[in-house]
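Listing of work-v7.cif, mmCIF, C-alpha atoms
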data_coords
loop_
_atom_site.group_PDB
_atom_site.id
_atom_site.type_symbol
_atom_site.label_atom_id
_atom_site.label_comp_id
_atom_site.auth_asym_id
_atom_site.auth_seq_id
_atom_site.Cartn_x
_atom_site.Cartn_y
_atom_site.Cartn_z
ATOM 1 C CA MET A 26 -25.814 46.152 59.187
ATOM 2 C CA GLN A 27 -28.264 47.320 56.533
ATOM 3 C CA LYS A 28 -27.858 50.946 55.515
ATOM 4 C CA PHE A 29 -31.073 52.889 54.974
ATOM 5 C CA GLY A 30 -30.703 55.349 52.110
ATOM 6 C CA ILE A 31 -32.515 58.660 51.720
ATOM 7 C CA PRO A 32 -33.742 59.809 48.290
ATOM 8 C CA ASP A 33 -31.961 62.874 46.941
ATOM 9 C CA LYS A 34 -35.235 64.797 46.680
ATOM 10 C CA LYS A 35 -35.695 64.477 50.455
ATOM 11 C CA LYS A 36 -32.244 65.819 51.280
ATOM 12 C CA ILE A 37 -31.607 69.385 52.375
ATOM 13 C CA ARG A 38 -28.711 71.390 50.994
ATOM 14 C CA VAL A 39 -26.260 72.376 53.731
ATOM 15 C CA ILE A 40 -23.345 74.785 54.014
ATOM 16 C CA LEU A 41 -21.352 74.881 57.251
ATOM 17 C CA ASP A 42 -19.461 78.061 58.144
ATOM 18 C CA THR A 43 -17.134 77.119 60.971
ATOM 19 C CA ASP A 44 -14.241 78.568 62.985
ATOM 20 C CA ALA A 45 -13.047 75.001 63.312
ATOM 21 C CA LYS A 46 -9.694 75.653 65.005
ATOM 22 C CA ASN A 47 -11.037 78.085 67.591
ATOM 23 C CA GLU A 48 -11.634 75.412 70.256
ATOM 24 C CA VAL A 49 -12.669 71.745 70.142
ATOM 25 C CA ASP A 50 -16.444 71.708 69.655
ATOM 26 C CA ASP A 51 -16.776 72.695 65.986
ATOM 27 C CA GLN A 52 -15.101 69.436 65.032
ATOM 28 C CA PHE A 53 -17.990 67.421 66.486
ATOM 29 C CA ALA A 54 -20.542 69.425 64.512
ATOM 30 C CA VAL A 55 -18.555 69.053 61.287
ATOM 31 C CA VAL A 56 -18.248 65.279 61.710
ATOM 32 C CA GLN A 57 -21.930 64.835 62.565
ATOM 33 C CA ALA A 58 -22.986 66.903 59.561
ATOM 34 C CA LEU A 59 -20.726 64.919 57.223
ATOM 35 C CA LEU A 60 -22.244 61.665 58.508
ATOM 36 C CA SER A 61 -25.869 62.832 58.159
ATOM 37 C CA GLU A 62 -27.466 61.088 55.175
ATOM 38 C CA SER A 63 -30.220 63.673 54.835
ATOM 39 C CA PHE A 64 -27.667 66.442 54.221
ATOM 40 C CA ASP A 65 -26.438 67.249 50.741
ATOM 41 C CA MET A 66 -23.246 68.982 51.846
ATOM 42 C CA ARG A 67 -22.564 71.761 49.380
ATOM 43 C CA GLY A 68 -19.415 72.954 51.112
ATOM 44 C CA ILE A 69 -17.673 73.830 54.352
ATOM 45 C CA VAL A 70 -16.487 77.414 54.768
ATOM 46 C CA ALA A 71 -13.533 78.216 57.012
ATOM 47 C CA ALA A 72 -14.434 81.152 59.268
ATOM 48 C CA HIS A 73 -12.094 83.502 61.124
ATOM 49 C CA PHE A 74 -12.194 83.820 64.903
ATOM 50 C CA GLY A 75 -10.587 87.188 65.382
ATOM 51 C CA ALA A 76 -6.917 87.963 65.923
ATOM 52 C CA GLU A 77 -6.525 87.344 69.663
ATOM 53 C CA LYS A 78 -5.598 83.671 69.364
ATOM 54 C CA SER A 79 -4.021 83.719 65.906
ATOM 55 C CA ALA A 80 -2.956 86.212 63.249
ATOM 56 C CA HIS A 81 -4.326 83.866 60.577
ATOM 57 C CA SER A 82 -7.376 82.310 62.239
ATOM 58 C CA MET A 83 -9.349 81.690 59.048
ATOM 59 C CA GLN A 84 -6.493 79.672 57.540
ATOM 60 C CA ASP A 85 -6.184 77.774 60.822
ATOM 61 C CA SER A 86 -9.865 76.847 60.494
ATOM 62 C CA PHE A 87 -9.331 75.805 56.876
ATOM 63 C CA ASP A 88 -6.436 73.531 57.833
ATOM 64 C CA GLU A 89 -8.435 71.976 60.685
ATOM 65 C CA ILE A 90 -11.349 71.177 58.366
ATOM 66 C CA LYS A 91 -8.916 69.531 55.962
ATOM 67 C CA LYS A 92 -7.484 67.470 58.827
ATOM 68 C CA ILE A 93 -10.944 66.216 59.795
ATOM 69 C CA LEU A 94 -11.678 65.192 56.209
ATOM 70 C CA SER A 95 -8.319 63.410 55.971
ATOM 71 C CA LEU A 96 -8.954 61.433 59.160
ATOM 72 C CA MET A 97 -12.375 60.414 57.874
ATOM 73 C CA GLU A 98 -11.092 59.758 54.343
ATOM 74 C CA ILE A 99 -14.024 61.781 53.020
ATOM 75 C CA ASP A 100 -13.979 64.220 50.117
ATOM 76 C CA ALA A 101 -15.834 67.480 50.651
ATOM 77 C CA LEU A 102 -15.433 70.949 49.214
ATOM 78 C CA VAL A 103 -13.737 73.409 51.574
ATOM 79 C CA PHE A 104 -13.732 77.155 50.971
ATOM 80 C CA HIS A 105 -11.849 80.089 52.437
ATOM 81 C CA GLY A 106 -13.993 82.629 54.251
ATOM 82 C CA ALA A 107 -13.236 86.198 55.275
ATOM 83 C CA GLU A 108 -9.963 86.767 57.089
ATOM 84 C CA HIS A 109 -11.368 89.381 59.464
ATOM 85 C CA GLU A 110 -14.540 91.144 60.622
ATOM 86 C CA LEU A 111 -16.534 93.650 58.576
ATOM 87 C CA LYS A 112 -15.468 97.272 58.907
ATOM 88 C CA ASP A 113 -19.005 98.619 58.439
ATOM 89 C CA GLU A 114 -22.525 97.488 57.520
ATOM 90 C CA LYS A 115 -22.193 98.407 53.842
ATOM 91 C CA THR A 116 -18.875 96.906 52.790
ATOM 92 C CA PRO A 117 -18.753 93.126 52.223
ATOM 93 C CA ILE A 118 -15.628 91.007 52.244
ATOM 94 C CA GLU A 119 -15.171 89.033 49.042
ATOM 95 C CA SER A 120 -14.345 85.387 49.701
ATOM 96 C CA GLU A 121 -14.850 81.919 48.291
ATOM 97 C CA GLY A 122 -17.250 81.239 51.147
ATOM 98 C CA ALA A 123 -19.472 84.256 50.500
ATOM 99 C CA ARG A 124 -19.613 83.400 46.798
ATOM 100 C CA LEU A 125 -20.512 79.780 47.581
ATOM 101 C CA ILE A 126 -23.471 80.932 49.683
ATOM 102 C CA ILE A 127 -24.666 83.196 46.868
ATOM 103 C CA GLU A 128 -24.213 80.528 44.198
ATOM 104 C CA GLU A 129 -26.165 77.913 46.142
ATOM 105 C CA ALA A 130 -28.927 80.317 47.177
ATOM 106 C CA MET A 131 -29.480 81.446 43.590
ATOM 107 C CA LYS A 132 -29.659 77.917 42.152
ATOM 108 C CA ASP A 133 -32.855 76.604 40.626
ATOM 109 C CA ASP A 134 -33.270 73.877 43.240
ATOM 110 C CA ASP A 135 -36.523 73.173 45.085
ATOM 111 C CA ARG A 136 -34.720 71.717 48.068
ATOM 112 C CA PRO A 137 -34.173 74.115 50.978
ATOM 113 C CA LEU A 138 -30.716 75.497 51.652
ATOM 114 C CA TYR A 139 -29.487 75.822 55.245
ATOM 115 C CA VAL A 140 -26.382 77.833 56.043
ATOM 116 C CA ALA A 141 -25.207 77.168 59.598
ATOM 117 C CA SER A 142 -22.787 79.651 61.139
ATOM 118 C CA LEU A 143 -20.832 78.186 64.057
ATOM 119 C CA GLY A 144 -18.795 81.318 64.748
ATOM 120 C CA ALA A 145 -18.559 84.910 63.564
ATOM 121 C CA ILE A 146 -21.269 85.436 60.961
ATOM 122 C CA THR A 147 -19.041 87.463 58.608
ATOM 123 C CA ASP A 148 -19.372 85.290 55.506
ATOM 124 C CA ILE A 149 -23.168 85.207 55.570
ATOM 125 C CA ALA A 150 -23.338 88.962 56.113
ATOM 126 C CA SER A 151 -20.966 89.489 53.191
ATOM 127 C CA ALA A 152 -23.087 87.260 50.954
ATOM 128 C CA LEU A 153 -26.185 89.299 51.868
ATOM 129 C CA LEU A 154 -24.380 92.558 51.118
ATOM 130 C CA LEU A 155 -23.020 91.264 47.819
ATOM 131 C CA LYS A 156 -26.392 89.882 46.673
ATOM 132 C CA PRO A 157 -29.306 91.038 48.880
ATOM 133 C CA GLU A 158 -31.840 89.054 46.846
ATOM 134 C CA ILE A 159 -30.623 85.768 48.342
ATOM 135 C CA ALA A 160 -32.698 86.702 51.405
ATOM 136 C CA GLN A 161 -35.808 86.024 49.304
ATOM 137 C CA LYS A 162 -34.666 82.580 48.163
ATOM 138 C CA ASN A 163 -35.250 79.181 49.765
ATOM 139 C CA LEU A 164 -32.565 79.906 52.352
ATOM 140 C CA THR A 165 -32.476 79.610 56.148
ATOM 141 C CA VAL A 166 -29.586 80.828 58.280
ATOM 142 C CA ILE A 167 -28.842 79.176 61.633
ATOM 143 C CA TRP A 168 -26.513 81.050 63.974
ATOM 144 C CA ILE A 169 -24.849 79.773 67.116
ATOM 145 C CA GLY A 170 -24.316 83.102 68.808
ATOM 146 C CA GLY A 171 -25.547 86.013 70.883
ATOM 147 C CA ARG A 172 -26.049 86.257 74.621
ATOM 148 C CA ASP A 173 -29.172 85.299 76.558
ATOM 149 C CA TRP A 174 -32.432 87.033 75.740
ATOM 150 C CA PRO A 175 -33.703 89.662 76.330
ATOM 151 C CA SER A 176 -30.713 91.705 77.534
ATOM 152 C CA GLY A 177 -27.780 90.183 75.665
ATOM 153 C CA GLY A 178 -24.185 91.192 76.314
ATOM 154 C CA TRP A 179 -20.742 89.750 75.637
ATOM 155 C CA GLU A 180 -20.671 86.489 73.685
ATOM 156 C CA TYR A 181 -17.679 85.092 71.813
ATOM 157 C CA ASN A 182 -19.114 84.553 68.331
ATOM 158 C CA LEU A 183 -20.904 87.890 68.457
ATOM 159 C CA LYS A 184 -17.898 89.898 69.618
ATOM 160 C CA ASN A 185 -15.810 88.529 66.732
ATOM 161 C CA ASP A 186 -18.041 90.452 64.303
ATOM 162 C CA VAL A 187 -20.896 92.453 65.792
ATOM 163 C CA VAL A 188 -21.163 94.476 62.573
ATOM 164 C CA ALA A 189 -21.895 91.309 60.591
ATOM 165 C CA ALA A 190 -24.459 90.239 63.179
ATOM 166 C CA ASN A 191 -26.256 93.558 62.708
ATOM 167 C CA VAL A 192 -26.258 93.085 58.932
ATOM 168 C CA VAL A 193 -27.867 89.648 59.230
ATOM 169 C CA PHE A 194 -30.343 90.600 61.970
ATOM 170 C CA LYS A 195 -31.499 93.676 60.031
ATOM 171 C CA SER A 196 -31.876 91.720 56.777
ATOM 172 C CA ALA A 197 -34.907 89.816 55.514
ATOM 173 C CA VAL A 198 -33.280 86.363 55.521
ATOM 174 C CA PRO A 199 -35.051 83.706 57.643
ATOM 175 C CA LEU A 200 -32.910 83.319 60.760
ATOM 176 C CA TRP A 201 -32.821 80.789 63.593
ATOM 177 C CA GLN A 202 -30.768 81.972 66.545
ATOM 178 C CA VAL A 203 -29.329 79.644 69.186
ATOM 179 C CA PRO A 204 -28.128 81.981 71.962
ATOM 180 C CA ARG A 205 -25.468 81.204 74.542
ATOM 181 C CA ASN A 206 -27.715 79.951 77.345
ATOM 182 C CA VAL A 207 -29.209 77.427 74.891
ATOM 183 C CA TYR A 208 -26.083 76.167 73.118
ATOM 184 C CA ARG A 209 -24.452 75.650 76.523
ATOM 185 C CA MET A 210 -27.105 73.024 77.300
ATOM 186 C CA LEU A 211 -25.244 70.491 75.175
ATOM 187 C CA SER A 212 -22.598 69.110 77.510
ATOM 188 C CA VAL A 213 -20.764 65.779 77.509
ATOM 189 C CA SER A 214 -18.697 64.091 80.192
ATOM 190 C CA PHE A 215 -15.215 62.716 79.646
ATOM 191 C CA ALA A 216 -16.577 59.249 80.413
ATOM 192 C CA GLU A 217 -19.080 59.609 77.568
ATOM 193 C CA LEU A 218 -16.341 60.679 75.194
ATOM 194 C CA GLN A 219 -14.120 57.793 76.298
ATOM 195 C CA THR A 220 -16.810 55.126 75.812
ATOM 196 C CA ARG A 221 -19.028 56.515 73.035
ATOM 197 C CA VAL A 222 -16.621 58.481 70.815
ATOM 198 C CA HIS A 223 -12.990 57.446 71.306
ATOM 199 C CA PRO A 224 -13.393 53.773 70.217
ATOM 200 C CA HIS A 225 -14.723 54.674 66.777
ATOM 201 C CA GLY A 226 -11.803 54.894 64.417
ATOM 202 C CA LYS A 227 -9.263 57.623 63.785
ATOM 203 C CA ILE A 228 -11.831 60.393 63.866
ATOM 204 C CA GLY A 229 -13.404 59.198 67.116
ATOM 205 C CA ALA A 230 -10.024 59.042 68.793
ATOM 206 C CA TYR A 231 -9.120 62.485 67.483
ATOM 207 C CA LEU A 232 -12.352 64.097 68.659
ATOM 208 C CA ALA A 233 -12.059 62.707 72.177
ATOM 209 C CA GLU A 234 -8.320 63.192 72.637
ATOM 210 C CA ASN A 235 -8.581 66.739 71.306
ATOM 211 C CA VAL A 236 -11.034 67.572 74.085
ATOM 212 C CA PHE A 237 -8.982 65.852 76.789
ATOM 213 C CA SER A 238 -5.781 67.678 75.852
ATOM 214 C CA PHE A 239 -7.522 71.038 75.359
ATOM 215 C CA ASN A 240 -9.259 70.950 78.726
ATOM 216 C CA ASN A 241 -6.185 69.703 80.561
ATOM 217 C CA ALA A 242 -3.975 72.425 79.087
ATOM 218 C CA GLU A 243 -5.272 75.063 81.514
ATOM 219 C CA VAL A 244 -6.346 74.760 85.149
ATOM 220 C CA SER A 245 -9.329 77.061 84.539
ATOM 221 C CA ARG A 246 -10.929 74.681 82.042
ATOM 222 C CA PRO A 247 -13.419 72.010 83.191
ATOM 223 C CA ALA A 248 -11.931 68.825 84.616
ATOM 224 C CA GLU A 249 -14.437 66.270 83.370
ATOM 225 C CA TYR A 250 -16.887 67.759 80.872
ATOM 226 C CA ARG A 251 -17.037 69.793 77.701
ATOM 227 C CA ILE A 252 -19.812 71.846 76.130
ATOM 228 C CA LEU A 253 -20.324 70.989 72.452
ATOM 229 C CA GLY A 254 -21.918 74.339 71.736
ATOM 230 C CA ASP A 255 -21.938 74.126 67.932
ATOM 231 C CA SER A 256 -23.713 70.780 67.605
ATOM 232 C CA PRO A 257 -27.222 72.219 68.161
ATOM 233 C CA ALA A 258 -27.012 73.673 64.637
ATOM 234 C CA VAL A 259 -26.717 70.154 63.211
ATOM 235 C CA GLY A 260 -29.496 68.862 65.444
ATOM 236 C CA LEU A 261 -31.852 71.606 64.296
ATOM 237 C CA MET A 262 -31.188 70.874 60.640
ATOM 238 C CA LEU A 263 -31.976 67.217 61.308
ATOM 239 C CA TYR A 264 -35.050 68.009 63.409
ATOM 240 C CA PRO A 265 -36.135 71.677 63.586
ATOM 241 C CA ASP A 266 -38.297 71.035 66.656
ATOM 242 C CA CYS A 267 -35.346 69.598 68.569
ATOM 243 C CA GLY A 268 -36.025 72.335 71.081
ATOM 244 C CA GLU A 269 -38.648 74.945 71.910
ATOM 245 C CA TRP A 270 -38.552 78.246 70.102
ATOM 246 C CA GLU A 271 -40.477 81.494 69.700
ATOM 247 C CA TYR A 272 -40.755 84.063 66.929
ATOM 248 C CA LYS A 273 -39.472 87.429 68.115
ATOM 249 C CA PRO A 274 -38.804 90.693 66.268
ATOM 250 C CA ALA A 275 -35.125 90.711 65.356
ATOM 251 C CA PRO A 276 -33.157 93.080 67.566
ATOM 252 C CA GLU A 277 -30.014 95.016 66.753
ATOM 253 C CA PHE A 278 -26.785 95.031 68.783
ATOM 254 C CA ASP A 279 -25.227 98.041 70.483
ATOM 255 C CA LYS A 280 -21.500 98.639 71.001
ATOM 256 C CA ASN A 281 -21.613 96.685 74.271
ATOM 257 C CA LEU A 282 -23.211 93.709 72.473
ATOM 258 C CA HIS A 283 -26.577 94.153 74.179
ATOM 259 C CA TYR A 284 -29.821 93.649 72.261
ATOM 260 C CA VAL A 285 -31.667 96.744 71.099
ATOM 261 C CA HIS A 286 -35.341 95.800 70.825
ATOM 262 C CA ASN A 287 -36.635 98.534 68.531
ATOM 263 C CA GLY A 288 -39.253 96.442 66.725
ATOM 264 C CA LEU A 289 -38.013 97.542 63.297
ATOM 265 C CA HIS A 290 -37.099 94.157 61.813
ATOM 266 C CA ARG A 291 -38.786 90.930 60.740
ATOM 267 C CA PRO A 292 -39.376 88.132 63.268
ATOM 268 C CA ILE A 293 -36.681 85.518 63.771
ATOM 269 C CA ARG A 294 -36.832 82.104 65.421
ATOM 270 C CA VAL A 295 -35.142 82.229 68.826
ATOM 271 C CA TYR A 296 -34.539 78.883 70.534
ATOM 272 C CA LYS A 297 -35.273 78.599 74.254
ATOM 273 C CA ASN A 298 -33.811 75.109 74.733
ATOM 274 C CA ILE A 299 -32.563 72.080 72.829
ATOM 275 C CA ASP A 300 -32.751 68.296 73.232
ATOM 276 C CA PRO A 301 -29.184 67.126 74.035
ATOM 277 C CA ARG A 302 -30.245 63.461 74.066
ATOM 278 C CA PHE A 303 -31.394 63.549 70.427
ATOM 279 C CA ILE A 304 -28.285 65.333 69.197
ATOM 280 C CA LEU A 305 -25.704 63.333 71.154
ATOM 281 C CA GLU A 306 -27.257 59.914 70.558
ATOM 282 C CA ASP A 307 -27.451 60.702 66.847
ATOM 283 C CA LEU A 308 -23.751 61.596 66.870
ATOM 284 C CA TYR A 309 -22.768 58.448 68.779
ATOM 285 C CA ALA A 310 -24.805 56.180 66.504
ATOM 286 C CA LYS A 311 -23.424 57.751 63.336
ATOM 287 C CA LEU A 312 -19.853 57.444 64.571
ATOM 288 C CA ALA A 313 -20.411 53.773 65.411
ATOM 289 C CA LEU A 314 -21.973 53.048 62.020
ATOM 290 C CA PHE A 315 -19.212 54.930 60.207
ATOM 291 C CA SER A 316 -16.536 53.063 62.126
ATOM 292 C CA GLU A 317 -18.195 49.733 61.372
ATOM 293 C CA GLU A 318 -18.453 50.560 57.670
ATOM 294 C CA THR A 319 -14.825 51.716 57.565
ATOM 295 C CA LYS A 320 -13.592 48.490 59.166
ATOM 296 C CA LYS A 321 -15.641 46.466 56.695
ATOM 297 C CA CYS A 322 -14.093 48.311 53.752
ATOM 298 C CA ASP A 323 -10.589 47.846 55.145
ATOM 299 C CA THR A 324 -11.011 44.057 55.214
ATOM 300 C CA MET A 325 -12.296 43.759 51.664
#
Just give me the structure of the file as structure tokens.
Amino acid sequence: MQKFGIPDKKKIRVILDTDAKNEVDDQFAVVQALLSESFDMRGIVAAHFGAEKSAHSMQDSFDEIKKILSLMEIDALVFHGAEHELKDEKTPIESEGARLIIEEAMKDDDRPLYVASLGAITDIASALLLKPEIAQKNLTVIWIGGRDWPSGGWEYNLKNDVVAANVVFKSAVPLWQVPRNVYRMLSVSFAELQTRVHPHGKIGAYLAENVFSFNNAEVSRPAEYRILGDSPAVGLMLYPDCGEWEYKPAPEFDKNLHYVHNGLHRPIRVYKNIDPRFILEDLYAKLALFSEETKKCDTM
């Protein structure tokens, strides 16, 4: 099948910041981003996911990213992020990931830079604290996190570093937020995974089987579906209007993780819904094309 290339000048620069070993949805977003021709992947940053599940969660994420790349036989730069949450709103955590964000944001490159946070937003907050002027560069931050508007409340990515979320929300950086009620719109059935993902090479089998085993490990988890809550970030980088959104003054977060709407900060883009069909069909098609190309290379 003919492959349609995209000129470099039309590509967007992308950095993924992902707590890849937290559950089983980040992996889908990472794979889809790696297979997106319009993305110039500048690096993948391993994010922590607190200490409840692991004493070394950032390194777990790093190792999971490396496993995905190995299964796909793709080379991509992987960076260590912060090992834990910020202690206050003035003290950044030095990491390879934070420095990567700064380096890319400060480059003399006309192409836009998107940094997508699929977990705790620690590394982006640290980059902003280390070099506040990156907020004025050609940079957009996308965050999968925060509870439903307008009240807010407990949400996993937010609770893993609410201090960092306050740093980013109070900053001047352009921000697109995908809150919990929106990212939970992207669900897949086990039958979909079995027919549209599993057949496509080592990575397809890994993605699907990872979900099956994760869900079946505990009775409380869904029996026949999974929410791929991080994939909307990839969909929005591909197609920013892949969902309805509104500009709203950025809130702050209180100690109970509720929004504080004080009107003190710049507007941010808050998504109200997303288009699961666009995102999932794009993923399925890219997996099929990648699998076909891989088989072709193996027979040469």
* Asked: So, counting only C-alpha atoms, which residue among A:Ile146, A:Leu261, A:Val207, A:Ala248 is closest to Asn191 (chain A)?
  ->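 Checking each of A:Ile146, A:Leu261, A:Val207, A:Ala248 against Asn191 (chain A), counting only C-alpha atoms, the winner is A:Ile146.
Relative to CA of Lys78 (chain A), CA of Gly229 (chain A) is found at 25.8 Å.
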* Can you turn the PyMOL selection byres ((chain A and resi 237-244) around 12) into a concrete residue list for this file, as an NGL selection string? => :A and (46-50 or 213-219 or 223 or 230-236 or 245-252)
* How far is it from CA of Leu164 (chain A) to CA of Ala152 (chain A), in Å with one decimal? -> 12.1 Å
* To do: Name the residues in contact with Ser82 (chain A) at a cut-off of 12 Å, using only C-alpha atoms, excluding same-chain residues fewer than 6 positions from it; report them as a PyMOL selection string.
  => chain A and resi 43-48+71-76+88-89+105-110+144-145+185
Since we have the selection now, will you write its residues out, keeping C-alpha atoms, as a CSV table (one decimal), keeping the file's coordinate frame?
chain,number,residue,atom,x,y,z
A,43,THR,CA,-17.1,77.1,61.0
A,44,ASP,CA,-14.2,78.6,63.0
A,45,ALA,CA,-13.0,75.0,63.3
A,46,LYS,CA,-9.7,75.7,65.0
A,47,ASN,CA,-11.0,78.1,67.6
A,48,GLU,CA,-11.6,75.4,70.3
A,71,ALA,CA,-13.5,78.2,57.0
A,72,ALA,CA,-14.4,81.2,59.3
A,73,HIS,CA,-12.1,83.5,61.1
A,74,PHE,CA,-12.2,83.8,64.9
A,75,GLY,CA,-10.6,87.2,65.4
A,76,ALA,CA,-6.9,88.0,65.9
A,88,ASP,CA,-6.4,73.5,57.8
A,89,GLU,CA,-8.4,72.0,60.7
A,105,HIS,CA,-11.8,80.1,52.4
A,106,GLY,CA,-14.0,82.6,54.3
A,107,ALA,CA,-13.2,86.2,55.3
A,108,GLU,CA,-10.0,86.8,57.1
A,109,HIS,CA,-11.4,89.4,59.5
A,110,GLU,CA,-14.5,91.1,60.6
A,144,GLY,CA,-18.8,81.3,64.7
A,145,ALA,CA,-18.6,84.9,63.6
A,185,ASN,CA,-15.8,88.5,66.7
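Atom to atom, CA of Lys195 (chain A) and CA of Tyr139 (chain A) stand 18.6 Å apart.
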* Residues near Leu102 (chain A), cut-off 9 Å, all atoms listed in the file, skip fewer than 3 positions along chain, as a list in words ->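 Non-adjacent residues within range: Met66, Arg67, Gly68, Ile69 and Val70 of chain A.
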* Output check: residues returned by the PyMOL selection byres ((chain A and resi 290) around 10), as a ChimeraX atom specification -> /A:194-197,273-277,286-289,291-293
* To do: Tell me which protein, DNA and RNA residues are within 9 Å of region 264-270 of chain A, counting only C-alpha atoms, leaving out same-chain ones fewer than 6 positions away, and put them as a PyMOL selection string.
  => chain A and resi 257+294-301+303-304
